[in-house]
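Undergrad: Sharing upload23.cif, mmCIF, C-alpha atoms:
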data_target
loop_
_atom_site.label_atom_id
_atom_site.label_comp_id
_atom_site.auth_asym_id
_atom_site.auth_seq_id
_atom_site.Cartn_x
_atom_site.Cartn_y
_atom_site.Cartn_z
CA MET A 1 0.00 0.00 0.00
CA ASN A 2 1.21 3.52 -0.84
CA VAL A 3 0.73 5.65 2.28
CA SER A 4 1.30 9.40 2.52
CA VAL A 5 2.20 10.62 6.01
CA ILE A 6 1.62 14.35 6.41
CA GLY A 7 3.82 15.68 9.18
CA ALA A 8 7.35 14.66 10.20
CA GLY A 9 7.47 15.57 13.86
CA SER A 10 8.12 12.86 16.44
CA TRP A 11 4.75 11.11 16.04
CA GLY A 12 4.67 11.41 12.25
CA SER A 13 8.22 10.09 12.00
CA ALA A 14 7.44 7.15 14.28
CA LEU A 15 4.32 6.24 12.30
CA ALA A 16 6.25 6.49 9.03
CA MET A 17 8.86 4.09 10.43
CA HIS A 18 6.20 1.66 11.60
CA LEU A 19 4.24 1.73 8.34
CA ALA A 20 7.40 1.16 6.32
CA ARG A 21 8.33 -1.77 8.55
CA SER A 22 4.84 -3.17 7.99
CA GLY A 23 5.54 -3.28 4.24
CA CYS A 24 3.93 -0.03 3.12
CA ARG A 25 5.67 2.37 0.75
CA VAL A 26 5.67 5.65 2.66
CA SER A 27 5.88 9.20 1.32
CA LEU A 28 6.57 11.58 4.21
CA TRP A 29 5.84 15.31 4.07
CA ALA A 30 7.97 17.60 6.22
CA ARG A 31 7.70 21.36 6.41
CA GLU A 32 11.41 21.72 7.15
CA ALA A 33 13.95 21.14 4.36
CA GLU A 34 16.45 20.21 7.07
CA VAL A 35 14.35 17.19 7.97
CA VAL A 36 14.06 16.02 4.36
CA ASP A 37 17.79 16.46 3.76
CA GLY A 38 18.65 14.55 6.93
CA ILE A 39 16.43 11.59 6.08
CA ARG A 40 17.70 11.42 2.51
CA ALA A 41 21.35 11.68 3.45
CA HIS A 42 21.51 9.75 6.73
CA ARG A 43 18.07 8.11 7.17
CA ARG A 44 17.70 10.21 10.34
CA ASN A 45 15.39 13.11 11.25
CA PRO A 46 17.79 15.69 12.72
CA LEU A 47 15.05 17.61 14.57
CA PHE A 48 12.73 14.88 15.87
CA LEU A 49 13.71 11.38 17.05
CA PRO A 50 17.26 11.86 15.70
CA ASP A 51 18.52 8.60 17.24
CA PHE A 52 16.18 6.36 15.17
CA THR A 53 16.82 5.17 11.61
CA PHE A 54 14.17 5.35 8.90
CA PRO A 55 13.63 2.23 6.77
CA ASP A 56 14.49 2.53 3.08
CA HIS A 57 10.81 2.58 2.09
CA VAL A 58 10.31 6.11 3.47
CA ASP A 59 10.68 8.86 0.88
CA PRO A 60 10.58 12.40 2.34
CA SER A 61 9.65 15.63 0.56
CA THR A 62 8.65 19.22 1.32
CA SER A 63 6.15 19.08 -1.56
CA LEU A 64 2.60 18.08 -0.66
CA ALA A 65 1.92 17.41 -4.34
CA GLU A 66 4.78 14.91 -4.52
CA VAL A 67 3.83 13.18 -1.28
CA ALA A 68 0.14 12.88 -2.20
CA ALA A 69 0.71 11.50 -5.70
CA GLY A 70 -0.59 7.93 -5.91
CA ALA A 71 -1.61 7.78 -2.27
CA GLU A 72 -3.83 4.82 -1.35
CA ALA A 73 -4.18 6.24 2.17
CA VAL A 74 -3.12 9.49 3.81
CA VAL A 75 -2.17 9.73 7.49
CA LEU A 76 -2.45 13.20 9.04
CA VAL A 77 0.02 13.99 11.82
CA VAL A 78 -0.17 17.79 11.86
CA PRO A 79 -0.89 19.89 14.98
CA VAL A 80 -4.62 20.54 14.92
CA GLN A 81 -4.33 24.32 15.07
CA PHE A 82 -2.36 24.28 11.78
CA LEU A 83 -4.25 21.45 10.11
CA ARG A 84 -6.80 23.46 8.13
CA SER A 85 -4.18 25.42 6.17
CA VAL A 86 -2.21 22.25 5.36
CA LEU A 87 -5.36 20.48 4.14
CA ALA A 88 -6.28 23.42 1.93
CA GLU A 89 -2.91 23.05 0.20
CA LEU A 90 -3.14 19.25 0.11
CA ALA A 91 -6.69 19.04 -1.28
CA PRO A 92 -5.95 19.57 -5.01
CA HIS A 93 -3.36 16.78 -5.01
CA LEU A 94 -5.05 14.04 -2.97
CA PRO A 95 -6.69 11.16 -4.88
CA SER A 96 -10.45 11.42 -4.40
CA ASP A 97 -10.84 7.86 -3.13
CA ALA A 98 -7.93 7.82 -0.64
CA PRO A 99 -9.03 7.24 2.98
CA VAL A 100 -7.91 9.89 5.44
CA VAL A 101 -6.48 8.59 8.72
CA SER A 102 -6.00 11.19 11.44
CA ALA A 103 -3.34 10.67 14.11
CA SER A 104 -3.67 14.30 15.23
CA LYS A 105 -5.28 14.90 18.64
CA GLY A 106 -6.96 18.16 19.51
CA ILE A 107 -9.85 20.56 19.00
CA GLU A 108 -9.55 23.59 16.73
CA VAL A 109 -9.73 26.68 18.93
CA SER A 110 -11.29 29.03 16.38
CA SER A 111 -14.20 26.74 15.47
CA LEU A 112 -14.30 24.10 18.27
CA ALA A 113 -14.23 21.54 15.43
CA ARG A 114 -12.93 17.99 15.70
CA VAL A 115 -10.45 16.73 13.10
CA ASP A 116 -13.11 14.77 11.19
CA GLU A 117 -15.11 17.98 10.83
CA ILE A 118 -12.07 19.91 9.60
CA VAL A 119 -11.25 17.16 7.09
CA ALA A 120 -14.82 17.11 5.77
CA ALA A 121 -14.76 20.87 5.25
CA GLU A 122 -11.32 21.19 3.67
CA LEU A 123 -11.04 17.96 1.66
CA HIS A 124 -14.75 17.66 0.84
CA ALA A 125 -14.38 14.03 1.91
CA GLY A 126 -17.36 11.87 2.77
CA ALA A 127 -17.64 10.77 6.39
CA ASP A 128 -17.02 7.15 5.39
CA ARG A 129 -13.49 8.03 4.17
CA PHE A 130 -12.34 9.28 7.58
CA VAL A 131 -10.61 7.11 10.20
CA ALA A 132 -9.30 8.26 13.59
CA LEU A 133 -6.12 6.65 14.96
CA SER A 134 -5.68 7.02 18.71
CA GLY A 135 -4.51 5.21 21.82
CA PRO A 136 -1.62 4.96 24.30
CA SER A 137 1.38 5.27 22.01
CA PHE A 138 4.54 7.26 22.75
CA ALA A 139 6.42 8.07 19.55
CA ARG A 140 9.81 6.87 20.82
CA GLU A 141 8.44 3.47 21.78
CA VAL A 142 6.70 3.02 18.42
CA ALA A 143 9.91 4.04 16.66
CA ALA A 144 11.79 1.47 18.74
CA GLY A 145 9.31 -1.25 17.78
CA LEU A 146 8.13 -1.84 21.35
CA PRO A 147 4.70 -3.51 21.78
CA THR A 148 1.87 -0.99 21.34
CA ALA A 149 -1.90 -1.16 20.91
CA ALA A 150 -4.21 1.53 19.54
CA VAL A 151 -7.61 2.03 17.91
CA LEU A 152 -8.76 2.77 14.37
CA ALA A 153 -12.25 4.29 14.38
CA GLY A 154 -14.31 4.83 11.26
CA ARG A 155 -17.87 4.73 9.97
CA ASP A 156 -17.06 2.36 7.08
CA GLU A 157 -16.57 -1.02 8.74
CA ALA A 158 -14.93 -2.61 5.69
CA LEU A 159 -12.42 0.24 5.32
CA VAL A 160 -11.48 0.13 8.99
CA ALA A 161 -11.00 -3.65 8.80
CA ARG A 162 -8.77 -3.28 5.72
CA LEU A 163 -6.57 -0.65 7.39
CA GLN A 164 -6.51 -2.66 10.60
CA ARG A 165 -5.10 -5.67 8.77
CA ARG A 166 -2.64 -3.59 6.75
CA PHE A 167 -1.29 -1.48 9.58
CA SER A 168 -1.06 -4.15 12.32
CA THR A 169 2.20 -5.99 12.98
CA ALA A 170 3.65 -8.16 15.73
CA SER A 171 4.72 -4.96 17.53
CA PHE A 172 1.75 -2.66 16.85
CA ARG A 173 -1.76 -4.06 17.23
CA PHE A 174 -4.81 -2.08 16.11
CA TYR A 175 -8.35 -2.59 17.37
CA SER A 176 -11.34 -1.39 15.37
CA SER A 177 -14.15 0.92 16.45
CA HIS A 178 -17.10 2.72 14.86
CA ASP A 179 -17.05 5.56 17.43
CA VAL A 180 -15.22 8.37 15.60
CA VAL A 181 -16.59 11.07 17.90
CA GLY A 182 -15.67 9.29 21.11
CA VAL A 183 -12.18 8.28 19.97
CA GLU A 184 -11.37 11.78 18.75
CA LEU A 185 -12.63 13.52 21.87
CA ALA A 186 -10.89 11.05 24.17
CA GLY A 187 -7.58 11.70 22.40
CA ALA A 188 -7.99 15.46 22.54
CA LEU A 189 -9.29 15.87 26.08
CA LYS A 190 -6.81 13.57 27.81
CA ASN A 191 -4.06 16.08 27.01
CA VAL A 192 -5.81 18.69 29.14
CA VAL A 193 -5.96 16.33 32.11
CA ALA A 194 -2.30 15.42 31.51
CA ILE A 195 -1.31 19.06 32.02
CA ALA A 196 -3.13 18.99 35.36
CA ALA A 197 -1.44 15.68 36.23
CA GLY A 198 1.96 17.20 35.55
CA MET A 199 1.11 20.06 37.86
CA THR A 200 0.40 17.65 40.72
CA THR A 201 3.91 16.25 40.28
CA GLY A 202 5.49 19.68 39.93
CA LEU A 203 3.75 20.80 43.13
CA GLY A 204 4.84 17.62 44.94
CA LEU A 205 1.29 16.58 45.83
CA GLY A 206 1.90 12.83 45.85
CA HIS A 207 0.31 9.72 44.39
CA ASN A 208 -3.06 10.09 46.13
CA ALA A 209 -3.67 13.41 44.39
CA LEU A 210 -2.52 12.10 41.02
CA THR A 211 -4.78 9.05 41.20
CA ALA A 212 -7.77 11.12 42.21
CA LEU A 213 -7.08 13.53 39.36
CA LEU A 214 -6.90 10.72 36.77
CA THR A 215 -10.12 9.17 38.01
CA ARG A 216 -12.09 12.39 38.04
CA GLY A 217 -10.43 13.51 34.81
CA LEU A 218 -11.63 10.40 33.03
CA HIS A 219 -15.12 11.09 34.31
CA GLU A 220 -14.98 14.64 32.92
CA ILE A 221 -13.76 13.43 29.52
CA ALA A 222 -16.49 10.79 29.30
CA ARG A 223 -19.19 13.20 30.44
CA LEU A 224 -18.46 15.68 27.64
CA GLY A 225 -17.72 12.93 25.11
CA VAL A 226 -21.04 11.18 25.67
CA LYS A 227 -22.88 14.51 25.58
CA LEU A 228 -21.40 15.16 22.12
CA GLY A 229 -22.30 11.70 20.79
CA GLY A 230 -19.51 9.38 21.88
CA SER A 231 -20.08 5.90 23.29
CA PRO A 232 -19.45 5.37 27.03
CA GLU A 233 -17.49 2.19 26.27
CA THR A 234 -14.91 4.14 24.26
CA PHE A 235 -13.79 6.06 27.34
CA ARG A 236 -13.11 2.83 29.21
CA GLY A 237 -10.88 1.49 26.42
CA LEU A 238 -7.52 2.17 24.80
CA ALA A 239 -8.47 5.56 23.35
CA GLY A 240 -9.94 6.68 26.67
CA MET A 241 -8.54 5.26 29.90
CA GLY A 242 -5.49 3.74 28.19
CA ASP A 243 -4.28 6.95 26.57
CA LEU A 244 -5.14 8.99 29.66
CA VAL A 245 -3.06 6.80 31.98
CA LEU A 246 -0.07 6.85 29.65
CA THR A 247 -0.17 10.59 29.01
CA CYS A 248 -0.68 11.49 32.66
CA THR A 249 2.00 9.19 34.12
CA GLY A 250 4.61 8.59 31.42
CA ALA A 251 7.81 10.62 31.54
CA LEU A 252 7.78 10.98 27.73
CA SER A 253 4.46 12.87 27.75
CA ARG A 254 4.89 16.40 26.40
CA ASN A 255 1.64 17.62 27.99
CA ARG A 256 2.57 16.16 31.37
CA GLN A 257 5.98 17.86 31.11
CA VAL A 258 4.27 21.20 30.45
CA GLY A 259 2.16 20.82 33.59
CA GLU A 260 5.09 19.69 35.71
CA ARG A 261 7.16 22.72 34.74
CA LEU A 262 4.23 25.05 35.38
CA GLY A 263 3.77 23.43 38.78
CA ARG A 264 7.44 24.13 39.58
CA GLY A 265 6.89 27.82 38.85
CA GLU A 266 8.10 28.28 35.27
CA SER A 267 6.19 30.62 32.98
CA LEU A 268 4.09 29.29 30.11
CA ALA A 269 6.31 31.15 27.62
CA GLU A 270 9.39 29.36 28.99
CA VAL A 271 7.68 25.99 28.90
CA LEU A 272 6.51 26.35 25.29
CA SER A 273 9.81 27.63 23.90
CA GLY A 274 10.90 24.29 22.36
CA ARG A 275 10.02 22.67 19.02
CA GLU A 276 7.61 20.04 20.33
CA VAL A 277 3.92 20.94 20.37
CA ALA A 278 1.76 20.33 23.46
CA GLU A 279 -1.74 19.98 22.01
CA GLY A 280 -3.31 20.21 25.46
CA VAL A 281 -2.47 23.91 25.76
CA PRO A 282 -4.79 25.22 23.02
CA THR A 283 -7.24 22.36 23.57
CA ALA A 284 -7.81 23.37 27.20
CA GLY A 285 -9.64 26.55 26.21
CA ALA A 286 -11.56 24.79 23.44
CA ALA A 287 -12.61 21.96 25.78
CA ALA A 288 -13.77 24.41 28.44
CA GLU A 289 -15.78 26.38 25.89
CA LEU A 290 -17.41 23.21 24.55
CA ALA A 291 -18.31 22.24 28.10
CA ARG A 292 -19.90 25.61 28.79
CA ARG A 293 -21.87 25.56 25.55
CA HIS A 294 -23.27 22.12 26.28
CA GLY A 295 -23.82 22.59 29.99
CA VAL A 296 -21.24 20.01 31.08
CA GLU A 297 -19.38 20.44 34.37
CA MET A 298 -15.60 20.02 33.88
CA PRO A 299 -13.84 21.56 36.90
CA ILE A 300 -10.40 20.18 36.00
CA ALA A 301 -10.57 21.52 32.44
CA PHE A 302 -11.86 24.87 33.73
CA ALA A 303 -8.95 25.05 36.20
CA VAL A 304 -6.34 24.25 33.52
CA GLU A 305 -7.88 26.86 31.24
CA ALA A 306 -7.67 29.48 34.00
CA ILE A 307 -4.06 28.60 34.86
CA LEU A 308 -2.92 28.80 31.23
CA ALA A 309 -4.69 32.15 30.87
CA GLY A 310 -2.92 33.48 33.97
CA ARG A 311 -6.12 33.88 36.00
CA LEU A 312 -5.22 31.23 38.57
CA THR A 313 -2.04 29.73 40.03
CA PRO A 314 -1.59 25.94 40.18
CA HIS A 315 -1.57 26.12 43.99
CA ASP A 316 -4.82 28.07 44.13
CA ALA A 317 -6.39 25.70 41.59
CA VAL A 318 -5.72 22.76 43.92
CA ILE A 319 -7.45 24.53 46.79
CA ALA A 320 -10.40 25.44 44.57
CA LEU A 321 -10.80 21.84 43.37
CA MET A 322 -10.46 20.31 46.84
CA THR A 323 -12.96 22.70 48.46
CA ARG A 324 -15.72 22.40 45.87
CA GLU A 325 -19.20 21.44 47.05
CA LEU A 326 -19.21 17.85 48.33
CA LYS A 327 -21.02 15.42 46.05
CA VAL A 328 -21.99 11.80 45.49
CA GLU A 329 -19.58 9.98 43.16
CA ALA A 330 -21.49 9.45 39.92
CA VAL A 331 -20.13 7.17 37.21
CA LEU A 332 -21.32 6.68 33.64
#
With the file now loaded, output its structure as structure tokens.

TA:
Amino acid sequence: MNVSVIGAGSWGSALAMHLARSGCRVSLWAREAEVVDGIRAHRRNPLFLPDFTFPDHVDPSTSLAEVAAGAEAVVLVVPVQFLRSVLAELAPHLPSDAPVVSASKGIEVSSLARVDEIVAAELHAGADRFVALSGPSFAREVAAGLPTAAVLAGRDEALVARLQRRFSTASFRFYSSHDVVGVELAGALKNVVAIAAGMTTGLGLGHNALTALLTRGLHEIARLGVKLGGSPETFRGLAGMGDLVLTCTGALSRNRQVGERLGRGESLAEVLSGREVAEGVPTAGAAAELARRHGVEMPIAFAVEAILAGRLTPHDAVIALMTRELKVEAVL
């Protein structure tokens, strides 16, 4: 299968490596010429995952037209806030029948749109062509070929089954789902909770606080996800609980690192000064606004939004969360 991977950051690079190892012929789009030159000359990405070698079946380019030519599937790995402009440029070159697989996790701030909604608008693609890829999967571990499991969610059962068979290997197992909305929202919202989880570590609040945060954070995610049309079961699976646990506890989590540094007293500008994108930062405001519009209570998301906006300190947020009105624990 000819697969076009759009985006050569850490996650895009890792997926390109995996797909090539699975037997696919991969065309990889990178915005930076430095990345393309490094892969062509040394089979290494000098900016992201520089210590991993790309298989020979990965051909990089800075031209979206070149990368899209002959694509039998396209995998999107672009930060959500920049996705719309990339898709507008990609649209004229993408074969009309190519399925679109999104490995991007987030909610567009300007429109509060999910990735499937952005893809439908910019690529004029039918809903049955869209597949969401999500689950607990650190890029470095996928690049290293360590055992990983994730979910492919799409409305066309036959298409999802075909991609599931093609993309799965002995080191990366994909499960299928029909719940596009739930899988996308779970992947986006867990990053917001991961920022809060990092803050608990940065503040030195201990394991009790972290566990409580994960439990209540999962409840918040599921509450909004179900309200917007997701299935409750999705939030108990790999795309929900699985990805949340990994992102909130794993040292490789960019969003958790952001929260930890904020909890230690660094400014948001300092924390975001590197190349890697933390999708939870813009998604926090979008998630909070979605919750307000739909009448869903999400105190953790509201607290993260306020901290990132400079209206609340991490320490004061903890006090506010711990002294809220006492309630019965309700589960979905």

Undergrad: Residues at most 9 Å from stretch 97-103 of chain A, counting only C-alpha atoms, excluding those fewer than 4 positions away in the same chain, as a list of chain:residue names?

TA: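 Skipping anything fewer than 4 positions along the chain leaves A:Trp11, A:Gly12, A:Ala71, A:Glu72, A:Ala73, A:Val74, A:Val75, A:Leu76, A:Val77, A:Val78, A:Val115, A:Asp116, A:Val119, A:Ala125, A:Asp128, A:Arg129, A:Phe130, A:Val131, A:Ala132, A:Leu133, A:Ser134, A:Leu152, A:Leu159.
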
Undergrad: For the selection just defined, write its residues with C-alpha atoms to a file, as a compact mmCIF listing (two decimals), in the coordinates of the input.

TA:
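Final output, again-v7.txt:
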# COMPACT_ATOMS: atom_id res chain seq x y z
CA TRP A 11 4.75 11.11 16.04
CA GLY A 12 4.67 11.41 12.25
CA ALA A 71 -1.61 7.78 -2.27
CA GLU A 72 -3.83 4.82 -1.35
CA ALA A 73 -4.18 6.24 2.17
CA VAL A 74 -3.12 9.49 3.81
CA VAL A 75 -2.17 9.73 7.49
CA LEU A 76 -2.45 13.20 9.04
CA VAL A 77 0.02 13.99 11.82
CA VAL A 78 -0.17 17.79 11.86
CA VAL A 115 -10.45 16.73 13.10
CA ASP A 116 -13.11 14.77 11.19
CA VAL A 119 -11.25 17.16 7.09
CA ALA A 125 -14.38 14.03 1.91
CA ASP A 128 -17.02 7.15 5.39
CA ARG A 129 -13.49 8.03 4.17
CA PHE A 130 -12.34 9.28 7.58
CA VAL A 131 -10.61 7.11 10.20
CA ALA A 132 -9.30 8.26 13.59
CA LEU A 133 -6.12 6.65 14.96
CA SER A 134 -5.68 7.02 18.71
CA LEU A 152 -8.76 2.77 14.37
CA LEU A 159 -12.42 0.24 5.32

Undergrad: Taking only C-alpha atoms into account, which of A:Arg40, A:Glu184, A:Ala317, A:Arg114 comes nearest A:Val58?

TA: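 Closest to A:Val58, using only C-alpha atoms: A:Arg40.
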
Undergrad: Written as a PDB file with C-alpha atoms, keeping the file's coordinate frame, what is the full residue list that the PyMOL selection byres ((chain A and resi 270-285) around 6) yields on the file shown?

TA:
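Output file out.pdb is given in full below:
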ATOM      1  CA  GLY A 106      -6.960  18.160  19.510  1.00  0.00           C
ATOM      2  CA  ILE A 107      -9.850  20.560  19.000  1.00  0.00           C
ATOM      3  CA  ASN A 191      -4.060  16.080  27.010  1.00  0.00           C
ATOM      4  CA  VAL A 192      -5.810  18.690  29.140  1.00  0.00           C
ATOM      5  CA  ARG A 254       4.890  16.400  26.400  1.00  0.00           C
ATOM      6  CA  ASN A 255       1.640  17.620  27.990  1.00  0.00           C
ATOM      7  CA  SER A 267       6.190  30.620  32.980  1.00  0.00           C
ATOM      8  CA  LEU A 268       4.090  29.290  30.110  1.00  0.00           C
ATOM      9  CA  ALA A 269       6.310  31.150  27.620  1.00  0.00           C
ATOM     10  CA  ALA A 286     -11.560  24.790  23.440  1.00  0.00           C
ATOM     11  CA  ALA A 287     -12.610  21.960  25.780  1.00  0.00           C
ATOM     12  CA  ALA A 288     -13.770  24.410  28.440  1.00  0.00           C
ATOM     13  CA  GLU A 305      -7.880  26.860  31.240  1.00  0.00           C
TER      14      GLU A 305
END

Undergrad: Between A:Ser177, A:Thr249, A:Thr200, A:Ser13, which one has atoms that come closest to A:Phe52, using all atoms listed in the file?

TA: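 Selected residue with least distance to A:Phe52: A:Ser13.
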
Undergrad: Running the PyMOL selection byres ((chain A and resi 238) around 9) on this model by hand, what would come out? Give it as a list in words.

TA: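 Listing what the PyMOL selection byres ((chain A and resi 238) around 9) selects in the shown file: Ser134, Gly135, Pro136, Ala149, Ala150, Val151, Tyr175, Thr234, Phe235, Arg236, Gly237, Ala239, Gly240, Met241, Gly242, Asp243 and Leu244 of chain A.
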
Undergrad: Just the number, please: distance in Å from atom CA of A:Thr215 to atom CA of A:Val245, one decimal.

TA: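 Between atom CA of A:Thr215 and atom CA of A:Val245 the gap is 9.6 Å.
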
Undergrad: Please provide the set of residues having any atom within 10 Å of A:Val36, restricted to all atoms listed in the file, with same-chain residues fewer than 6 positions apart removed, written as a list in words.

TA: Ala8, Leu28, Trp29, Ala30, Arg43, Arg44, Asn45, Pro46, Asp59, Pro60, Ser61 and Thr62 of chain A

Undergrad: With a distance cut-off of 7 Å and all atoms listed in the file, select the neighbouring residues of A:Ser22, excluding the residue or stretch itself and same-chain residues fewer than 3 positions from it, and output the selection as a VMD selection string.

TA: chain A and resid 18 to 19 167 169

Undergrad: I'd like to know which of A:Ala139, A:Leu224, A:Ile195, A:Ala127 is closest to A:Pro314, using only C-alpha atoms.

TA: A:Ile195
